[in-house]
$ cat work_29.cif   # mmCIF, C-alpha atoms; chains and numbers go by the auth columns
data_coords
loop_
_atom_site.group_PDB
_atom_site.id
_atom_site.type_symbol
_atom_site.label_atom_id
_atom_site.label_comp_id
_atom_site.label_asym_id
_atom_site.label_seq_id
_atom_site.Cartn_x
_atom_site.Cartn_y
_atom_site.Cartn_z
_atom_site.B_iso_or_equiv
_atom_site.auth_seq_id
_atom_site.auth_asym_id
ATOM 1 C CA SER A 1 97.106 131.589 102.901 0.00 13 Y
ATOM 2 C CA PRO A 2 94.709 128.961 101.518 0.00 14 Y
ATOM 3 C CA SER A 3 96.491 129.111 98.165 0.00 15 Y
ATOM 4 C CA ARG A 4 99.750 127.774 99.622 0.00 16 Y
ATOM 5 C CA GLU A 5 100.709 124.783 101.766 0.00 17 Y
ATOM 6 C CA LEU A 6 102.825 126.828 104.151 0.00 18 Y
ATOM 7 C CA ASN A 7 100.869 126.730 107.419 0.00 19 Y
ATOM 8 C CA ALA A 8 103.410 125.494 109.982 0.00 20 Y
ATOM 9 C CA PRO A 9 106.228 124.743 107.518 0.00 21 Y
ATOM 10 C CA TYR A 10 108.218 121.885 108.968 0.00 22 Y
ATOM 11 C CA ASP A 11 110.988 120.865 106.581 0.00 23 Y
ATOM 12 C CA VAL A 12 112.521 121.893 103.282 0.00 24 Y
ATOM 13 C CA ALA A 13 114.578 120.116 100.620 0.00 25 Y
ATOM 14 C CA ILE A 14 116.241 121.782 97.643 0.00 26 Y
ATOM 15 C CA THR A 15 116.585 120.407 94.117 0.00 27 Y
ATOM 16 C CA THR A 16 117.528 121.669 90.688 0.00 28 Y
ATOM 17 C CA ILE A 17 115.335 120.633 87.771 0.00 29 Y
ATOM 18 C CA GLY A 18 116.316 121.929 84.367 0.00 30 Y
ATOM 19 C CA ASP A 19 117.743 125.407 84.871 0.00 31 Y
ATOM 20 C CA SER A 20 115.666 126.193 87.946 0.00 32 Y
ATOM 21 C CA THR A 21 116.168 125.629 91.655 0.00 33 Y
ATOM 22 C CA TYR A 22 113.210 124.612 93.785 0.00 34 Y
ATOM 23 C CA ALA A 23 112.455 124.378 97.480 0.00 35 Y
ATOM 24 C CA VAL A 24 110.023 121.633 98.455 0.00 36 Y
ATOM 25 C CA VAL A 25 108.427 122.605 101.777 0.00 37 Y
ATOM 26 C CA THR A 26 106.184 120.482 103.999 0.00 38 Y
ATOM 27 C CA GLY A 27 103.205 122.187 105.625 0.00 39 Y
ATOM 28 C CA TYR A 28 102.396 120.347 108.852 0.00 40 Y
ATOM 29 C CA VAL A 29 99.070 122.082 109.551 0.00 41 Y
ATOM 30 C CA ASP A 30 98.149 122.405 105.868 0.00 42 Y
ATOM 31 C CA ASP A 31 98.779 118.669 105.349 0.00 43 Y
ATOM 32 C CA GLY A 32 100.689 119.062 102.121 0.00 44 Y
ATOM 33 C CA VAL A 33 103.758 120.199 100.234 0.00 45 Y
ATOM 34 C CA GLN A 34 104.501 123.468 98.496 0.00 46 Y
ATOM 35 C CA ILE A 35 106.998 123.708 95.633 0.00 47 Y
ATOM 36 C CA ILE A 36 108.674 127.108 95.384 0.00 48 Y
ATOM 37 C CA ASP A 37 110.922 128.331 92.558 0.00 49 Y
ATOM 38 C CA ILE A 38 113.884 129.994 94.280 0.00 50 Y
ATOM 39 C CA SER A 39 115.997 130.458 91.143 0.00 51 Y
ATOM 40 C CA ASP A 40 115.878 134.189 91.837 0.00 52 Y
ATOM 41 C CA PRO A 41 116.365 134.290 95.613 0.00 53 Y
ATOM 42 C CA THR A 42 115.093 137.888 95.725 0.00 54 Y
ATOM 43 C CA SER A 43 111.770 136.840 94.244 0.00 55 Y
ATOM 44 C CA PRO A 44 110.651 133.318 95.246 0.00 56 Y
ATOM 45 C CA SER A 45 107.606 132.076 93.381 0.00 57 Y
ATOM 46 C CA ALA A 46 105.016 129.519 94.520 0.00 58 Y
ATOM 47 C CA THR A 47 105.025 126.957 91.706 0.00 59 Y
ATOM 48 C CA ALA A 48 102.611 124.211 92.782 0.00 60 Y
ATOM 49 C CA ARG A 49 101.232 122.388 95.785 0.00 61 Y
ATOM 50 C CA LEU A 50 99.925 118.951 96.647 0.00 62 Y
ATOM 51 C CA GLU A 51 97.367 118.467 99.420 0.00 63 Y
ATOM 52 C CA ASP A 52 96.430 115.503 101.571 0.00 64 Y
ATOM 53 C CA GLY A 53 92.880 114.963 100.363 0.00 65 Y
ATOM 54 C CA THR A 54 90.100 113.701 102.577 0.00 66 Y
ATOM 55 C CA ASP A 55 92.166 114.310 105.722 0.00 67 Y
ATOM 56 C CA ASN A 56 90.706 111.558 107.879 0.00 68 Y
ATOM 57 C CA ASP A 57 94.035 110.434 109.401 0.00 69 Y
ATOM 58 C CA VAL A 58 93.993 107.271 107.312 0.00 70 Y
ATOM 59 C CA CYS A 59 95.632 107.325 103.909 0.00 71 Y
ATOM 60 C CA THR A 60 94.523 104.472 101.738 0.00 72 Y
ATOM 61 C CA ALA A 61 94.754 103.919 98.043 0.00 73 Y
ATOM 62 C CA ALA A 62 91.096 102.934 98.130 0.00 74 Y
ATOM 63 C CA ASN A 63 89.891 106.384 99.153 0.00 75 Y
ATOM 64 C CA GLY A 64 92.482 108.210 97.056 0.00 76 Y
ATOM 65 C CA GLU A 65 93.895 110.082 100.026 0.00 77 Y
ATOM 66 C CA LYS A 66 97.531 110.988 100.069 0.00 78 Y
ATOM 67 C CA CYS A 67 99.806 110.332 103.071 0.00 79 Y
ATOM 68 C CA LEU A 68 100.365 114.013 103.784 0.00 80 Y
ATOM 69 C CA ASP A 69 98.367 114.528 106.985 0.00 81 Y
ATOM 70 C CA GLY A 70 100.874 116.117 109.348 0.00 82 Y
ATOM 71 C CA ALA A 71 103.552 116.358 106.623 0.00 83 Y
ATOM 72 C CA VAL A 72 106.910 116.617 108.346 0.00 84 Y
ATOM 73 C CA ASP A 73 110.153 115.485 106.728 0.00 85 Y
ATOM 74 C CA VAL A 74 110.880 115.619 102.998 0.00 86 Y
ATOM 75 C CA GLU A 75 113.823 114.224 101.055 0.00 87 Y
ATOM 76 C CA ILE A 76 114.471 114.266 97.328 0.00 88 Y
ATOM 77 C CA ALA A 77 115.771 111.457 95.137 0.00 89 Y
ATOM 78 C CA THR A 78 116.492 111.206 91.432 0.00 90 Y
ATOM 79 C CA ILE A 79 115.587 107.756 90.154 0.00 91 Y
ATOM 80 C CA GLY A 80 115.626 106.750 86.503 0.00 92 Y
ATOM 81 C CA GLY A 81 115.926 110.335 85.327 0.00 93 Y
ATOM 82 C CA SER A 82 112.889 111.527 87.316 0.00 94 Y
ATOM 83 C CA THR A 83 112.884 113.567 90.505 0.00 95 Y
ATOM 84 C CA TYR A 84 110.817 112.446 93.498 0.00 96 Y
ATOM 85 C CA ALA A 85 109.969 113.932 96.866 0.00 97 Y
ATOM 86 C CA VAL A 86 109.523 111.400 99.664 0.00 98 Y
ATOM 87 C CA VAL A 87 107.389 112.883 102.434 0.00 99 Y
ATOM 88 C CA ALA A 88 106.656 111.507 105.900 0.00 100 Y
ATOM 89 C CA GLY A 89 103.021 112.010 106.927 0.00 101 Y
ATOM 90 C CA SER A 90 103.228 111.767 110.710 0.00 102 Y
ATOM 91 C CA LEU A 91 99.479 111.752 111.343 0.00 103 Y
ATOM 92 C CA ASP A 92 98.841 109.355 108.443 0.00 104 Y
ATOM 93 C CA ASP A 93 101.542 106.934 109.627 0.00 105 Y
ATOM 94 C CA GLY A 94 103.188 106.550 106.250 0.00 106 Y
ATOM 95 C CA ILE A 95 105.119 108.066 103.393 0.00 107 Y
ATOM 96 C CA GLU A 96 104.008 109.657 100.149 0.00 108 Y
ATOM 97 C CA ILE A 97 106.185 109.448 97.030 0.00 109 Y
ATOM 98 C CA ILE A 98 105.597 112.397 94.695 0.00 110 Y
ATOM 99 C CA ASP A 99 106.952 112.841 91.169 0.00 111 Y
ATOM 100 C CA ILE A 100 108.153 116.450 90.994 0.00 112 Y
ATOM 101 C CA SER A 101 109.960 116.131 87.631 0.00 113 Y
ATOM 102 C CA THR A 102 107.519 118.728 86.314 0.00 114 Y
ATOM 103 C CA PRO A 103 107.482 121.102 89.305 0.00 115 Y
ATOM 104 C CA ALA A 104 104.359 122.932 88.124 0.00 116 Y
ATOM 105 C CA SER A 105 102.462 119.643 88.101 0.00 117 Y
ATOM 106 C CA PRO A 106 103.533 117.329 90.941 0.00 118 Y
ATOM 107 C CA SER A 107 101.836 113.954 90.986 0.00 119 Y
ATOM 108 C CA SER A 108 101.336 111.361 93.666 0.00 120 Y
ATOM 109 C CA VAL A 109 103.043 108.129 92.664 0.00 121 Y
ATOM 110 C CA SER A 110 102.580 105.797 95.650 0.00 122 Y
ATOM 111 C CA VAL A 111 102.257 105.459 99.403 0.00 123 Y
ATOM 112 C CA VAL A 112 103.591 103.073 102.026 0.00 124 Y
ATOM 113 C CA LEU A 113 101.409 102.703 105.102 0.00 125 Y
ATOM 114 C CA ASP A 114 101.879 101.455 108.632 0.00 126 Y
ATOM 115 C CA ASN A 115 100.485 98.099 109.712 0.00 127 Y
ATOM 116 C CA ALA A 116 101.128 95.606 112.506 0.00 128 Y
ATOM 117 C CA ASP A 117 104.373 94.464 110.856 0.00 129 Y
ATOM 118 C CA ARG A 118 105.808 97.900 110.045 0.00 130 Y
ATOM 119 C CA GLU A 119 107.412 100.679 112.066 0.00 131 Y
ATOM 120 C CA LEU A 120 105.680 103.678 110.447 0.00 132 Y
ATOM 121 C CA ASP A 121 103.345 104.847 113.243 0.00 133 Y
ATOM 122 C CA GLY A 122 104.143 108.532 113.646 0.00 134 Y
ATOM 123 C CA ALA A 123 106.384 108.556 110.556 0.00 135 Y
ATOM 124 C CA ASN A 124 108.716 111.445 111.193 0.00 136 Y
ATOM 125 C CA GLY A 125 112.139 111.377 109.564 0.00 137 Y
ATOM 126 C CA VAL A 126 113.193 110.277 106.098 0.00 138 Y
ATOM 127 C CA ALA A 127 116.674 109.639 104.740 0.00 139 Y
ATOM 128 C CA ILE A 128 117.468 108.294 101.286 0.00 140 Y
ATOM 129 C CA THR A 129 120.482 106.262 100.252 0.00 141 Y
ATOM 130 C CA THR A 130 121.640 104.143 97.349 0.00 142 Y
ATOM 131 C CA ILE A 131 123.131 100.747 98.121 0.00 143 Y
ATOM 132 C CA GLY A 132 124.296 98.803 95.116 0.00 144 Y
ATOM 133 C CA SER A 133 121.804 99.530 92.359 0.00 145 Y
ATOM 134 C CA SER A 134 118.850 100.101 94.716 0.00 146 Y
ATOM 135 C CA THR A 135 117.525 103.277 96.299 0.00 147 Y
ATOM 136 C CA TYR A 136 116.169 103.036 99.830 0.00 148 Y
ATOM 137 C CA ALA A 137 114.166 105.302 102.107 0.00 149 Y
ATOM 138 C CA VAL A 138 114.847 104.860 105.808 0.00 150 Y
ATOM 139 C CA VAL A 139 111.903 106.191 107.809 0.00 151 Y
ATOM 140 C CA THR A 140 111.614 106.729 111.550 0.00 152 Y
ATOM 141 C CA GLY A 141 108.373 105.714 113.242 0.00 153 Y
ATOM 142 C CA THR A 142 108.233 107.818 116.394 0.00 154 Y
ATOM 143 C CA ASN A 143 105.220 106.070 117.929 0.00 155 Y
ATOM 144 C CA ASP A 144 106.549 102.629 116.974 0.00 156 Y
ATOM 145 C CA ASP A 145 110.018 103.271 118.426 0.00 157 Y
ATOM 146 C CA GLY A 146 111.654 101.986 115.280 0.00 158 Y
ATOM 147 C CA ILE A 147 112.745 102.450 111.696 0.00 159 Y
ATOM 148 C CA SER A 148 111.515 101.066 108.403 0.00 160 Y
ATOM 149 C CA ILE A 149 113.607 100.427 105.314 0.00 161 Y
ATOM 150 C CA ILE A 150 111.747 100.720 102.028 0.00 162 Y
ATOM 151 C CA ASP A 151 113.125 99.997 98.550 0.00 163 Y
ATOM 152 C CA ILE A 152 111.965 102.908 96.371 0.00 164 Y
ATOM 153 C CA SER A 153 113.981 101.923 93.284 0.00 165 Y
ATOM 154 C CA THR A 154 110.663 101.674 91.448 0.00 166 Y
ATOM 155 C CA PRO A 155 108.826 104.647 92.977 0.00 167 Y
ATOM 156 C CA SER A 156 105.414 103.506 91.730 0.00 168 Y
ATOM 157 C CA SER A 157 105.887 100.136 93.470 0.00 169 Y
ATOM 158 C CA PRO A 158 107.881 100.638 96.663 0.00 170 Y
ATOM 159 C CA VAL A 159 108.816 97.461 98.526 0.00 171 Y
ATOM 160 C CA TYR A 160 108.844 97.329 102.308 0.00 172 Y
ATOM 161 C CA VAL A 161 112.141 95.598 103.121 0.00 173 Y
ATOM 162 C CA SER A 162 112.624 95.485 106.884 0.00 174 Y
ATOM 163 C CA GLU A 163 112.311 97.202 110.209 0.00 175 Y
ATOM 164 C CA LEU A 164 114.204 97.506 113.456 0.00 176 Y
ATOM 165 C CA GLU A 165 112.490 98.415 116.711 0.00 177 Y
ATOM 166 C CA ASP A 166 113.434 99.277 120.251 0.00 178 Y
#
$ encode --input "work_29.cif" --output "structure tokens"
Amino acid sequence: SPSRELNAPYDVAITTIGDSTYAVVTGYVDDGVQIIDISDPTSPSATARLEDGTDNDVCTAANGEKCLDGAVDVEIATIGGSTYAVVAGSLDDGIEIIDISTPASPSSVSVVLDNADRELDGANGVAITTIGSSTYAVVTGTNDDGISIIDISTPSSPVYVSELED
């Protein structure tokens, strides 16, 4: 359906915001994410969606495109009282950080893109961990045969920390 980002759903993450439980689903073919209220499991409700944008396989801040082309993995982190979805855009070679604190109105916060010094080509898997007082996203780059570690402690200004490659 064109009103939902559920064509070829690839991954799902669950979070509770307020008194409601939400599923955040990546749509690989739709190039986006769909937020679904599953508080009543017998009656799930599509809450909001966020789409890639210009869909030219290159997400850049300059053209306002999100890194959701070929959206695959999604993980959720709570940072500073806000809830974020971190999505790997496999065809965009990067990650998109989305503020989902208000599930009905998700907003793009930042992106981290591949370049010659990063291992994000074919970004595929995302895992999030806290080490000390910092929150990190570890992202697999399938086409780069490596991983990237990104400090997302300040979601609007993620810092690329390091990589390890085959």
$ closest_residue --input "work_29.cif" --among "Y:Asp157, Y:Asp64, Y:Glu108, Y:Glu175" --to "Ile88 (chain Y)" --atoms "all atoms listed in the file"
Y:Glu108
$ axis_aligned_box --input "work_29.cif" --around "region 89-98 of chain Y" --padding-each-side "8 Å" --output "AutoDock Vina command-line options"
--center_x 113.0 --center_y 110.3 --center_z 92.5 --size_x 23.0 --size_y 23.2 --size_z 30.3
$ atom_distance --input "work_29.cif" --atom1 "CA of Pro115 (chain Y)" --atom2 "CA of Val98 (chain Y)"
14.3 Å
$ resolve_selection --input "work_29.cif" --expression "the PyMOL selection byres ((chain Y and resi 163-170) around 6)" --output "PyMOL selection string"
chain Y and resi 121-122+146-148+162+171
$ closest_residue --input "work_29.cif" --among "Y:Thr38, Y:Ser51, Y:Ser15, Y:Ser57" --to "Ala116 (chain Y)" --atoms "all atoms listed in the file"
Y:Ser57
$ resolve_selection --input "work_29.cif" --expression "the PyMOL selection byres ((chain Y and resi 91-97) around 6)" --output "number ranges by chain"
Y: 87-90, 98, 109-113
$ atom_distance --input "work_29.cif" --atom1 "CA of Ile26 (chain Y)" --atom2 "CA of Ser119 (chain Y)"
17.7 Å
$ resolve_selection --input "work_29.cif" --expression "the PyMOL selection byres ((chain Y and resi 161) around 12)" --output "PyMOL selection string"
chain Y and resi 107+124+130-132+137-143+146-153+158-160+162-164+170-177
$ atom_distance --input "work_29.cif" --atom1 "CA of Val86 (chain Y)" --atom2 "CA of Gly101 (chain Y)"
9.5 Å
$ residues_around --input "work_29.cif" --residues "region 44-46 of chain Y" --least-positions-apart "2" --cutoff "7 Å" --atoms "all atoms listed in the file" --output "PDB file with C-alpha atoms, in the frame of the given file"
ATOM      1  CA  ARG Y  16      99.750 127.774  99.622  1.00  0.00           C
ATOM      2  CA  GLU Y  17     100.709 124.783 101.766  1.00  0.00           C
ATOM      3  CA  LEU Y  18     102.825 126.828 104.151  1.00  0.00           C
ATOM      4  CA  VAL Y  36     110.023 121.633  98.455  1.00  0.00           C
ATOM      5  CA  VAL Y  37     108.427 122.605 101.777  1.00  0.00           C
ATOM      6  CA  THR Y  38     106.184 120.482 103.999  1.00  0.00           C
ATOM      7  CA  GLY Y  39     103.205 122.187 105.625  1.00  0.00           C
ATOM      8  CA  ASP Y  42      98.149 122.405 105.868  1.00  0.00           C
ATOM      9  CA  ILE Y  48     108.674 127.108  95.384  1.00  0.00           C
ATOM     10  CA  ALA Y  60     102.611 124.211  92.782  1.00  0.00           C
ATOM     11  CA  ARG Y  61     101.232 122.388  95.785  1.00  0.00           C
ATOM     12  CA  LEU Y  62      99.925 118.951  96.647  1.00  0.00           C
ATOM     13  CA  GLU Y  63      97.367 118.467  99.420  1.00  0.00           C
ATOM     14  CA  ASP Y  64      96.430 115.503 101.571  1.00  0.00           C
ATOM     15  CA  LEU Y  80     100.365 114.013 103.784  1.00  0.00           C
ATOM     16  CA  ALA Y  83     103.552 116.358 106.623  1.00  0.00           C
TER      17      ALA Y  83
END
$ closest_residue --input "work_29.cif" --among "Y:Gly65, Y:Pro53, Y:Pro118, Y:Pro21" --to "Tyr40 (chain Y)" --atoms "only C-alpha atoms"
Y:Pro21
$ closest_residue --input "work_29.cif" --among "Y:Gly144, Y:Asn155, Y:Val99, Y:Asp129" --to "Ala25 (chain Y)" --atoms "all atoms listed in the file"
Y:Val99
$ closest_residue --input "work_29.cif" --among "Y:Asp126, Y:Asp49, Y:Asp104, Y:Asp43" --to "Thr27 (chain Y)" --atoms "all atoms listed in the file"
Y:Asp49
$ closest_residue --input "work_29.cif" --among "Y:Pro56, Y:Ser145, Y:Asp23, Y:Ala35" --to "Ala100 (chain Y)" --atoms "only C-alpha atoms"
Y:Asp23
$ decode --input "work_29.cif" --residues "region 32-128 of chain Y" --atoms "C-alpha atoms" --output "compact mmCIF listing (two decimals), in the first residue's frame"
# COMPACT_ATOMS: atom_id res chain seq x y z
CA SER Y 32 1.98 2.65 24.21
CA THR Y 33 4.05 -0.04 22.56
CA TYR Y 34 5.33 0.51 19.04
CA ALA Y 35 6.89 -1.62 16.34
CA VAL Y 36 9.35 0.19 14.08
CA VAL Y 37 9.54 -1.71 10.78
CA THR Y 38 11.97 -1.15 7.90
CA GLY Y 39 10.58 -1.38 4.37
CA TYR Y 40 13.40 -2.46 2.06
CA VAL Y 41 11.56 -1.84 -1.22
CA ASP Y 42 9.64 1.17 0.10
CA ASP Y 43 12.90 2.77 1.29
CA GLY Y 44 11.57 3.85 4.65
CA VAL Y 45 10.31 3.01 8.11
CA GLN Y 46 6.79 2.46 9.37
CA ILE Y 47 5.84 3.02 13.02
CA ILE Y 48 2.96 0.83 14.18
CA ASP Y 49 1.10 1.09 17.49
CA ILE Y 50 0.79 -2.49 18.75
CA SER Y 51 -0.53 -1.62 22.21
CA ASP Y 52 -3.63 -3.62 21.34
CA PRO Y 53 -2.13 -6.64 19.56
CA THR Y 54 -5.54 -7.53 18.09
CA SER Y 55 -5.74 -4.18 16.34
CA PRO Y 56 -2.36 -2.79 15.22
CA SER Y 57 -2.49 0.77 13.94
CA ALA Y 58 -0.17 2.47 11.44
CA THR Y 59 1.01 5.56 13.32
CA ALA Y 60 3.51 7.29 11.03
CA ARG Y 61 6.13 6.68 8.38
CA LEU Y 62 9.35 8.24 7.17
CA GLU Y 63 10.47 7.88 3.56
CA ASP Y 64 13.85 8.11 1.87
CA GLY Y 65 13.25 11.18 -0.27
CA THR Y 66 14.81 11.67 -3.67
CA ASP Y 67 15.87 8.02 -3.85
CA ASN Y 68 18.97 8.45 -5.99
CA ASP Y 69 21.15 5.98 -4.04
CA VAL Y 70 23.15 8.83 -2.55
CA CYS Y 71 22.02 10.33 0.73
CA THR Y 72 23.53 13.71 1.36
CA ALA Y 73 22.59 16.46 3.72
CA ALA Y 74 22.90 18.85 0.79
CA ASN Y 75 20.00 17.33 -1.13
CA GLY Y 76 17.95 16.62 1.99
CA GLU Y 77 17.69 12.92 1.25
CA LYS Y 78 17.50 10.48 4.09
CA CYS Y 79 19.67 7.34 4.29
CA LEU Y 80 16.73 4.97 3.96
CA ASP Y 81 17.22 3.57 0.45
CA GLY Y 82 17.15 -0.19 0.97
CA ALA Y 83 16.29 0.17 4.69
CA VAL Y 84 17.31 -3.04 6.41
CA ASP Y 85 18.22 -3.21 10.09
CA VAL Y 86 16.73 -1.00 12.80
CA GLU Y 87 17.70 -0.66 16.45
CA ILE Y 88 16.28 1.63 19.10
CA ALA Y 89 18.15 3.66 21.71
CA THR Y 90 17.01 6.02 24.44
CA ILE Y 91 19.46 8.89 24.79
CA GLY Y 92 18.91 11.91 27.01
CA GLY Y 93 15.26 11.07 27.56
CA SER Y 94 14.47 10.83 23.83
CA THR Y 95 13.91 7.69 21.79
CA TYR Y 96 15.77 7.17 18.51
CA ALA Y 97 15.64 4.61 15.74
CA VAL Y 98 18.97 3.92 14.04
CA VAL Y 99 18.39 2.50 10.56
CA ALA Y 100 20.89 1.01 8.13
CA GLY Y 101 20.24 2.08 4.53
CA SER Y 102 22.01 -0.64 2.56
CA LEU Y 103 21.65 1.00 -0.85
CA ASP Y 104 22.54 4.44 0.53
CA ASP Y 105 25.65 3.11 2.30
CA GLY Y 106 24.92 4.78 5.62
CA ILE Y 107 22.73 5.11 8.66
CA GLU Y 108 19.81 7.38 9.45
CA ILE Y 109 19.11 8.49 13.03
CA ILE Y 110 15.42 9.24 13.58
CA ASP Y 111 13.84 10.83 16.66
CA ILE Y 112 10.72 8.76 17.36
CA SER Y 113 9.96 10.30 20.79
CA THR Y 114 6.68 11.50 19.29
CA PRO Y 115 5.74 8.38 17.30
CA ALA Y 116 3.09 10.19 15.25
CA SER Y 117 5.73 12.65 14.05
CA PRO Y 118 9.13 11.00 13.54
CA SER Y 119 11.91 13.33 12.48
CA SER Y 120 15.23 12.79 10.81
CA VAL Y 121 18.03 13.92 13.10
CA SER Y 122 21.25 13.02 11.26
CA VAL Y 123 23.00 10.66 8.89
CA VAL Y 124 26.42 9.04 8.72
CA LEU Y 125 27.62 8.21 5.22
CA ASP Y 126 30.24 5.95 3.71
CA ASN Y 127 33.46 7.37 2.31
CA ALA Y 128 36.94 6.06 1.49
